[in-house]
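One structure below.
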Amino acid sequence: MTLHSPDGSAVGGCPVEVFRLGGDPGETGGSGDHDDWWDRLREQHGPVVPVALESGVTAWLLLGYHENLTVLQSPHLFSRDTRRWREVAEGRVDLSAGRPALSWRPNALYADGSEHARLRAPIADSIARLDMGATSQLVRQIADDLVDAFVARGSADLIAEYADPLPVLVINRLCGLPDSYGRMLGDLTSIIFGEDPREAEDAVIRLQQYFAGLVVRKRKRPGADLVSWMLEHPAGLTEHEVAHQAALINNSSHQTTTHLIGNTMRTLLTDTRIRSAYADARISAQDLLDHVMWTDTPFQILPARFALQNMLLGNARVRAGDALLIGFHAAHRDPAVYKGRREETGVAGGSRAHLMFGAGPHACPARDLARMIAATAVEVLNERLSGLRSAVAPEELRSVRSPFVRGVEALPVLFRPGNAVGEKAKGEGTGTAGRNGTSGHEKESEDDILGRLLRWWRGSGRGRR
């Protein structure tokens with residue numbers, strides 16, 4: 001990989017020939033299993049290739065592992081602030097009208113330098129205060145609750161009924177709220193990433209109300225939870241800033257963890273060698289997660305970094321203001337780092353050097369929490385569901401229609417009907433997490449922003465108790 005400073009001469013941007021990102025999986029490689037497509041694209045055009053976004057504007061997609069790593073680790077050359085995008089500066093893209101991943105929010109994800117450090121510190125320090133042992137028990141209890149809802153039926157959709165609600169219920173509980181609020185939060189988040197732009201626009205407003213109301217409630221009645229800790233952090237964030245950082249924790253963890261769980265379960269259901277190795281304890285749940293993060297990365301493309309100067313990156317002449325999309329999945333298939341699979345187990349060889357959690361100053365501060373949630377989720381399913389098998393052939397699974405997310409829309413399974421764990425077996429309380437104070441016993445009837453929002457959600461017909 002080469003990265004050179006410009007010699008002062010004019011540097012052209014994306015060439016005329018570009019590849020459309022988005023649309024049907026068969027023609028874009030943007031979703032589903034298109035490993036050969038990524039490989040051919042790299043062979044034909046090198047480690048950096050121009051793509052057209054759905055809005056018709058161009059960006060660079062990074063296919064090479066080292067190109068991706070260089071961009072992630074070079075904040076002096078590449079900004080995370082979407083307002084630096086030339087398409088925005090020249091009026092061709094309206095950030096307020098774009099997809100969530102290419103918008104702008106006053107949170108750590110879109111900030112650089114000292115501002116990024118100021119906004120990130122309360123997030124990282126609050127997550128570091130979690131009692132991971134107690135949080136692990138909380139995750140297992142929520143996972144058991146979800147399994148209890150379908151275990152007697154002998155069938156389930158592991159995405160809609162398990163992998164999708166689990167991460168957001170955990171985050172909601174770590175913010176000190178009961179599950180009714182978590183189910184509303186998960187519903188609103190799913191609408192934002194859905195296909196109806198009008199519903200998504202309304203859901204964004206409701207989601208902002210959720211986190212604004214959460215901060216107001218925690219300012220009034222603080223507890224041992226993430227939002228209360230961010231409010232008391234010495235960085236001195238305003239309530240508005242804390243609300244946006246709390247929203248970032250939810251938004252960045254939901255889809256990623258959902259499809260890490262889903263893709264891991266799909267691997268176990270469709271790869272007999274890996275399933276056998278996992279069942280025989282020849283690989284751990286963490287080994288299995290690393291395999292999936294190398295071979296079936298939940299976020300295959302991450303928007304975006306923006307060049308701060310003209311340069312040559314790989315084979316591409318990048319101009320200041322150009323957008324560069326982080327190509328996680330393609331990078332993991334780069335022959336320079338991809339080691340193939342271990343013969344004895346079938347899992348991907350190599351280390352934990354995958355890019356799943358990013359790198360550089362914007363690396364995910366919650367990677368240990370995310371890994372624990374996903375590993376616990378997989379363990380609970382395999383412990384609770386006897387005779388677990390796929391209800392459809394692998395080719396019938398439909399990929400998520402997104403150039404960014406890599407996963408399946410549904411994962412229907414069959415198993416022998418079993419019994420619910422029940423509250424007696426789980427002990428007193430509904431979600432006690434020790435020193436985290438995340439018992440979720442907040443009152444639902446309060447006449448504040450959160451209470452009114454919950455009543456609206458239930459009245460809309462979307463709420464299910």
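Ordered as shown in the structure tokens, chains take letters A, B, and onward, while each chain numbers its residues from 1 and ligands are numbered from 1 in the order shown.
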task = Could you find all residues in stretch 289-382 of chain A that DSSP calls helix (DSSP H, G or I) from the backbone, and write them as a ChimeraX atom specification?
result = /A:289-295,328-332,360-362,367-382
inquiry  = Taking 2 positions as the minimum chain separation for residues in the same chain, which residues sit within 9 Å of stretch 365-380 of chain A when counting only C-alpha atoms? Answer as a ChimeraX atom specification.
reply    = /A:120,123-125,127-128,132,135-136,139-140,143-144,147,162-163,166-167,170,249,253,256-258,260-262,264-265,285-286,288-289,357,362-363,382-385
Preceding selection exported with N, CA, C and O atoms as a compact mmCIF listing (two decimals), in the first residue's frame:
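File produced: selection-v7.txt:
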# COMPACT_ATOMS: atom_id res chain seq x y z
N ARG A 120 -15.95 11.76 23.48
CA ARG A 120 -15.75 10.31 23.62
C ARG A 120 -15.47 9.91 25.07
O ARG A 120 -15.90 8.83 25.52
N ILE A 123 -18.29 8.60 27.24
CA ILE A 123 -18.78 7.31 26.76
C ILE A 123 -17.85 6.20 27.23
O ILE A 123 -18.28 5.22 27.87
N ALA A 124 -16.56 6.35 26.93
CA ALA A 124 -15.59 5.30 27.25
C ALA A 124 -15.48 5.09 28.76
O ALA A 124 -15.44 3.95 29.25
N ASP A 125 -15.44 6.18 29.52
CA ASP A 125 -15.28 6.06 30.97
C ASP A 125 -16.52 5.46 31.63
O ASP A 125 -16.41 4.71 32.61
N ILE A 127 -18.69 3.33 30.17
CA ILE A 127 -18.70 1.90 29.84
C ILE A 127 -17.68 1.16 30.70
O ILE A 127 -17.93 0.03 31.16
N ALA A 128 -16.53 1.79 30.96
CA ALA A 128 -15.50 1.15 31.78
C ALA A 128 -15.95 0.95 33.22
O ALA A 128 -15.40 0.10 33.93
N MET A 132 -18.67 -5.97 34.70
CA MET A 132 -18.88 -6.89 33.58
C MET A 132 -19.45 -8.22 34.02
O MET A 132 -20.18 -8.87 33.28
N THR A 135 -23.07 -7.49 34.48
CA THR A 135 -23.66 -7.22 33.17
C THR A 135 -23.85 -8.50 32.38
O THR A 135 -24.83 -8.69 31.67
N SER A 136 -22.90 -9.42 32.51
CA SER A 136 -23.04 -10.72 31.86
C SER A 136 -24.28 -11.46 32.36
O SER A 136 -25.01 -12.08 31.58
N VAL A 139 -27.30 -9.81 30.72
CA VAL A 139 -27.47 -10.23 29.33
C VAL A 139 -28.09 -11.62 29.26
O VAL A 139 -29.02 -11.88 28.48
N ARG A 140 -27.59 -12.52 30.08
CA ARG A 140 -28.13 -13.88 30.08
C ARG A 140 -29.59 -13.91 30.51
O ARG A 140 -30.40 -14.64 29.94
N ALA A 143 -31.62 -12.60 27.59
CA ALA A 143 -31.63 -13.63 26.56
C ALA A 143 -32.58 -14.76 26.93
O ALA A 143 -33.35 -15.26 26.08
N ASP A 144 -32.55 -15.18 28.18
CA ASP A 144 -33.48 -16.23 28.64
C ASP A 144 -34.93 -15.78 28.51
O ASP A 144 -35.81 -16.56 28.13
N VAL A 147 -35.92 -16.13 24.89
CA VAL A 147 -36.10 -17.55 24.52
C VAL A 147 -37.39 -18.09 25.14
O VAL A 147 -38.12 -18.86 24.51
N TYR A 162 -35.09 -12.52 18.57
CA TYR A 162 -33.97 -12.71 19.50
C TYR A 162 -32.81 -11.75 19.22
O TYR A 162 -32.53 -10.86 20.03
N ALA A 163 -32.15 -11.90 18.08
CA ALA A 163 -30.93 -11.12 17.81
C ALA A 163 -31.21 -9.64 17.66
O ALA A 163 -30.38 -8.81 18.03
N LEU A 166 -32.40 -8.17 21.46
CA LEU A 166 -31.48 -8.37 22.59
C LEU A 166 -30.53 -7.19 22.82
O LEU A 166 -30.46 -6.67 23.95
N PRO A 167 -29.77 -6.72 21.82
CA PRO A 167 -28.80 -5.64 22.11
C PRO A 167 -29.45 -4.38 22.64
O PRO A 167 -28.93 -3.74 23.57
N VAL A 170 -30.58 -4.68 26.22
CA VAL A 170 -29.43 -4.60 27.13
C VAL A 170 -29.02 -3.14 27.33
O VAL A 170 -28.85 -2.67 28.47
N ILE A 249 -24.44 5.45 21.44
CA ILE A 249 -24.20 4.11 22.00
C ILE A 249 -25.22 3.12 21.46
O ILE A 249 -24.89 2.01 21.05
N SER A 253 -24.43 0.22 18.32
CA SER A 253 -24.37 -1.15 18.84
C SER A 253 -25.50 -2.04 18.32
O SER A 253 -25.34 -3.27 18.26
N THR A 256 -25.09 -3.71 14.49
CA THR A 256 -23.83 -4.47 14.49
C THR A 256 -23.94 -5.74 15.32
O THR A 256 -23.58 -6.83 14.86
N THR A 257 -24.45 -5.61 16.54
CA THR A 257 -24.54 -6.77 17.42
C THR A 257 -25.63 -7.73 16.95
O THR A 257 -25.48 -8.95 17.04
N THR A 258 -26.74 -7.18 16.45
CA THR A 258 -27.80 -8.03 15.91
C THR A 258 -27.25 -8.97 14.85
O THR A 258 -27.49 -10.20 14.90
N LEU A 260 -24.07 -9.65 14.17
CA LEU A 260 -22.98 -10.52 14.66
C LEU A 260 -23.59 -11.78 15.25
O LEU A 260 -23.11 -12.90 14.99
N ILE A 261 -24.66 -11.63 16.02
CA ILE A 261 -25.36 -12.81 16.57
C ILE A 261 -25.99 -13.61 15.43
O ILE A 261 -25.84 -14.84 15.36
N GLY A 262 -26.70 -12.92 14.54
CA GLY A 262 -27.37 -13.62 13.44
C GLY A 262 -26.42 -14.34 12.51
O GLY A 262 -26.66 -15.50 12.14
N THR A 264 -23.43 -15.36 13.21
CA THR A 264 -22.80 -16.47 13.93
C THR A 264 -23.73 -17.68 13.99
O THR A 264 -23.30 -18.82 13.76
N MET A 265 -25.00 -17.44 14.27
CA MET A 265 -25.96 -18.55 14.29
C MET A 265 -26.15 -19.13 12.90
O MET A 265 -26.29 -20.36 12.74
N ALA A 285 -16.81 -19.82 22.06
CA ALA A 285 -17.72 -18.84 21.47
C ALA A 285 -16.93 -17.64 20.95
O ALA A 285 -17.27 -17.06 19.91
N GLN A 286 -15.86 -17.26 21.65
CA GLN A 286 -15.05 -16.13 21.19
C GLN A 286 -14.31 -16.47 19.90
O GLN A 286 -14.18 -15.62 19.01
N LEU A 288 -15.40 -18.50 17.66
CA LEU A 288 -16.46 -18.49 16.66
C LEU A 288 -16.78 -17.07 16.22
O LEU A 288 -16.95 -16.79 15.03
N LEU A 289 -16.86 -16.14 17.19
CA LEU A 289 -17.12 -14.74 16.85
C LEU A 289 -16.02 -14.17 15.97
O LEU A 289 -16.29 -13.45 14.99
N PHE A 357 -14.19 -3.71 14.89
CA PHE A 357 -14.39 -2.65 15.86
C PHE A 357 -13.59 -1.40 15.54
O PHE A 357 -13.40 -0.53 16.39
N HIS A 362 -11.08 6.45 16.65
CA HIS A 362 -12.51 6.17 16.65
C HIS A 362 -12.81 4.69 16.89
O HIS A 362 -13.95 4.25 16.69
N ALA A 363 -11.82 3.90 17.31
CA ALA A 363 -12.07 2.49 17.60
C ALA A 363 -13.16 2.36 18.65
O ALA A 363 -13.27 3.17 19.56
N ASN A 382 -27.76 -22.13 22.15
CA ASN A 382 -27.30 -23.51 22.00
C ASN A 382 -27.54 -24.34 23.27
O ASN A 382 -27.64 -25.56 23.19
N GLU A 383 -27.64 -23.68 24.41
CA GLU A 383 -27.96 -24.40 25.65
C GLU A 383 -29.46 -24.67 25.76
O GLU A 383 -29.86 -25.73 26.25
N ARG A 384 -30.29 -23.74 25.29
CA ARG A 384 -31.73 -23.81 25.53
C ARG A 384 -32.50 -24.55 24.44
O ARG A 384 -33.56 -25.12 24.70
N LEU A 385 -32.01 -24.51 23.19
CA LEU A 385 -32.78 -25.04 22.07
C LEU A 385 -32.21 -26.38 21.61
O LEU A 385 -31.22 -26.44 20.88
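Comparing A:Ser390, A:Asn310, A:Asn315, A:Gln209 by their smallest distance to A:Trp456, the closest is A:Gln209 (using only C-alpha atoms).
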key: Between atom CA of A:Val392 and atom CA of A:Leu268 - distance in Å to one decimal   =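 Straight-line distance from atom CA of A:Leu268 to atom CA of A:Val392 works out to 14.0 Å.
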key: Which residue of A:Gly113, A:Ala336, A:Gln255, A:Val421 approaches A:Leu146 most closely, using only C-alpha atoms   =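 Result for the nearest residue to A:Leu146: A:Val421.
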request  = Give the strand (DSSP E or B) residues of stretch 31-107 of chain A, as DSSP finds them on the backbone, and put them as a VMD selection string.
outcome  = chain A and resid 48 to 52 58 to 62 78 to 79
request  = Go through A:Gln137, A:Gln300, A:Gln44, A:Gln309 and flag the residue nearest A:Trp85, using only C-alpha atoms for the distances.
outcome  =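 Of all the options, A:Gln309 lies closest to A:Trp85.
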inquiry  = What's the separation between atom CA of A:Tyr181 and atom CA of A:Ala108, in Å to one decimal place?
reply    =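 Taking atom CA of A:Tyr181 and atom CA of A:Ala108, their separation equals 24.5 Å.
Of the listed residues A:Ser180, A:Ser96, A:Thr297, A:Thr270, the one whose atoms come nearest to A:Arg333 is A:Thr297, with distances taken using only C-alpha atoms.
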ask   = Which polymer residues have any atom within 7 Å of an atom of stretch 222-231 of chain A, counting only C-alpha atoms, with same-chain residues fewer than 3 positions away left out, as a list of chain:residue names?
value =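 Those residues are A:Pro122, A:Ile123, A:Ser126, A:Ile127, A:Leu174, A:Cys175, A:Gly176, A:Val215, A:Lys218, A:Arg219, A:Leu237, A:Val242, A:Ala246, A:Asn436, A:Gly437, A:Thr438.
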query = Which residue out of A:Phe299, A:Tyr278, A:Trp37, A:Trp104 has the minimum interatomic distance to A:Gly407 when only C-alpha atoms are used?
reply =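 Selected residue with least distance to A:Gly407: A:Phe299.
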With stretch 63-67 of chain A as the partner and 12 Å as the cut-off, tabulate the residues of stretch 236-316 of chain A that qualify, each row holding the nearest pair of atoms and their distance in Å to one decimal, using only C-alpha atoms, sorted by chain and rising number, as a Markdown table.
| residue | atom | partner | partner_atom | distance |
| --- | --- | --- | --- | --- |
| A:Trp294 | CA | A:Tyr65 | CA | 11.6 |
| A:Gln300 | CA | A:Leu63 | CA | 10.6 |
| A:Ile301 | CA | A:Leu63 | CA | 9.8 |
| A:Leu302 | CA | A:Leu63 | CA | 12.0 |
| A:Leu312 | CA | A:Glu67 | CA | 11.1 |
| A:Leu313 | CA | A:Glu67 | CA | 7.3 |
| A:Gly314 | CA | A:Glu67 | CA | 7.0 |
| A:Asn315 | CA | A:Glu67 | CA | 10.4 |
| A:Ala316 | CA | A:Glu67 | CA | 10.9 |
If you keep all heavy atoms, can you produce a file of those selected residues as a PDB file, in the first residue's frame?
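Result file selection30.pdb:
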ATOM      1  N   TRP A 294     -14.205 -12.156  10.703  1.00  0.00           N
ATOM      2  CA  TRP A 294     -13.311 -12.225   9.557  1.00  0.00           C
ATOM      3  C   TRP A 294     -14.067 -12.556   8.273  1.00  0.00           C
ATOM      4  O   TRP A 294     -13.791 -11.985   7.209  1.00  0.00           O
ATOM      5  CB  TRP A 294     -12.227 -13.300   9.777  1.00  0.00           C
ATOM      6  CG  TRP A 294     -10.997 -12.843  10.486  1.00  0.00           C
ATOM      7  CD1 TRP A 294     -10.580 -13.213  11.735  1.00  0.00           C
ATOM      8  CD2 TRP A 294      -9.997 -11.939   9.999  1.00  0.00           C
ATOM      9  NE1 TRP A 294      -9.392 -12.595  12.047  1.00  0.00           N
ATOM     10  CE2 TRP A 294      -9.005 -11.809  11.005  1.00  0.00           C
ATOM     11  CE3 TRP A 294      -9.839 -11.226   8.817  1.00  0.00           C
ATOM     12  CZ2 TRP A 294      -7.883 -10.991  10.856  1.00  0.00           C
ATOM     13  CZ3 TRP A 294      -8.720 -10.406   8.668  1.00  0.00           C
ATOM     14  CH2 TRP A 294      -7.758 -10.299   9.674  1.00  0.00           C
ATOM     15  N   GLN A 300     -20.321  -4.515   6.591  1.00  0.00           N
ATOM     16  CA  GLN A 300     -19.323  -4.742   5.555  1.00  0.00           C
ATOM     17  C   GLN A 300     -18.742  -3.448   5.013  1.00  0.00           C
ATOM     18  O   GLN A 300     -17.620  -3.410   4.530  1.00  0.00           O
ATOM     19  CB  GLN A 300     -19.901  -5.567   4.420  1.00  0.00           C
ATOM     20  CG  GLN A 300     -21.105  -4.969   3.718  1.00  0.00           C
ATOM     21  CD  GLN A 300     -21.630  -5.920   2.659  1.00  0.00           C
ATOM     22  OE1 GLN A 300     -21.086  -7.010   2.461  1.00  0.00           O
ATOM     23  NE2 GLN A 300     -22.677  -5.523   1.976  1.00  0.00           N
ATOM     24  N   ILE A 301     -19.503  -2.356   5.106  1.00  0.00           N
ATOM     25  CA  ILE A 301     -19.007  -1.047   4.693  1.00  0.00           C
ATOM     26  C   ILE A 301     -19.409  -0.029   5.746  1.00  0.00           C
ATOM     27  O   ILE A 301     -20.556  -0.014   6.202  1.00  0.00           O
ATOM     28  CB  ILE A 301     -19.575  -0.623   3.319  1.00  0.00           C
ATOM     29  CG1 ILE A 301     -19.113  -1.582   2.225  1.00  0.00           C
ATOM     30  CG2 ILE A 301     -19.166   0.804   2.973  1.00  0.00           C
ATOM     31  CD1 ILE A 301     -19.739  -1.308   0.875  1.00  0.00           C
ATOM     32  N   LEU A 302     -18.483   0.825   6.139  1.00  0.00           N
ATOM     33  CA  LEU A 302     -18.752   1.860   7.123  1.00  0.00           C
ATOM     34  C   LEU A 302     -18.494   3.235   6.513  1.00  0.00           C
ATOM     35  O   LEU A 302     -17.399   3.520   6.064  1.00  0.00           O
ATOM     36  CB  LEU A 302     -17.859   1.676   8.352  1.00  0.00           C
ATOM     37  CG  LEU A 302     -18.012   2.734   9.447  1.00  0.00           C
ATOM     38  CD1 LEU A 302     -19.359   2.581  10.134  1.00  0.00           C
ATOM     39  CD2 LEU A 302     -16.881   2.624  10.459  1.00  0.00           C
ATOM     40  N   LEU A 312      -2.280  10.470  -3.146  1.00  0.00           N
ATOM     41  CA  LEU A 312      -2.406   9.205  -3.858  1.00  0.00           C
ATOM     42  C   LEU A 312      -2.558   8.114  -2.818  1.00  0.00           C
ATOM     43  O   LEU A 312      -1.673   7.901  -1.987  1.00  0.00           O
ATOM     44  CB  LEU A 312      -1.165   8.949  -4.730  1.00  0.00           C
ATOM     45  CG  LEU A 312      -1.210   7.678  -5.593  1.00  0.00           C
ATOM     46  CD1 LEU A 312      -2.297   7.796  -6.657  1.00  0.00           C
ATOM     47  CD2 LEU A 312       0.143   7.426  -6.246  1.00  0.00           C
ATOM     48  N   LEU A 313      -3.682   7.433  -2.843  1.00  0.00           N
ATOM     49  CA  LEU A 313      -3.962   6.346  -1.897  1.00  0.00           C
ATOM     50  C   LEU A 313      -4.126   5.075  -2.709  1.00  0.00           C
ATOM     51  O   LEU A 313      -5.062   4.954  -3.506  1.00  0.00           O
ATOM     52  CB  LEU A 313      -5.229   6.643  -1.101  1.00  0.00           C
ATOM     53  CG  LEU A 313      -5.671   5.579  -0.093  1.00  0.00           C
ATOM     54  CD1 LEU A 313      -4.634   5.399   1.009  1.00  0.00           C
ATOM     55  CD2 LEU A 313      -7.020   5.936   0.509  1.00  0.00           C
ATOM     56  N   GLY A 314      -3.192   4.129  -2.515  1.00  0.00           N
ATOM     57  CA  GLY A 314      -3.216   2.959  -3.377  1.00  0.00           C
ATOM     58  C   GLY A 314      -2.999   3.403  -4.811  1.00  0.00           C
ATOM     59  O   GLY A 314      -2.008   4.053  -5.141  1.00  0.00           O
ATOM     60  N   ASN A 315      -3.973   3.108  -5.663  1.00  0.00           N
ATOM     61  CA  ASN A 315      -3.888   3.496  -7.073  1.00  0.00           C
ATOM     62  C   ASN A 315      -4.797   4.676  -7.388  1.00  0.00           C
ATOM     63  O   ASN A 315      -5.015   4.999  -8.553  1.00  0.00           O
ATOM     64  CB  ASN A 315      -4.300   2.298  -7.939  1.00  0.00           C
ATOM     65  CG  ASN A 315      -5.712   1.823  -7.615  1.00  0.00           C
ATOM     66  OD1 ASN A 315      -6.174   1.972  -6.487  1.00  0.00           O
ATOM     67  ND2 ASN A 315      -6.396   1.246  -8.585  1.00  0.00           N
ATOM     68  N   ALA A 316      -5.376   5.309  -6.378  1.00  0.00           N
ATOM     69  CA  ALA A 316      -6.394   6.325  -6.602  1.00  0.00           C
ATOM     70  C   ALA A 316      -5.867   7.718  -6.272  1.00  0.00           C
ATOM     71  O   ALA A 316      -5.194   7.918  -5.255  1.00  0.00           O
ATOM     72  CB  ALA A 316      -7.621   6.026  -5.747  1.00  0.00           C
TER      73      ALA A 316
END
request  = Please provide as a ChimeraX atom specification all residues within 8 Å of A:Ala212, with the sequence filter that same-chain residues fewer than 5 positions apart are discarded (counting only C-alpha atoms).
outcome  = /A:239-240,243,449
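Counting from atom CA of A:Phe306, the distance to atom CA of A:Ser79 is 5.0 Å.
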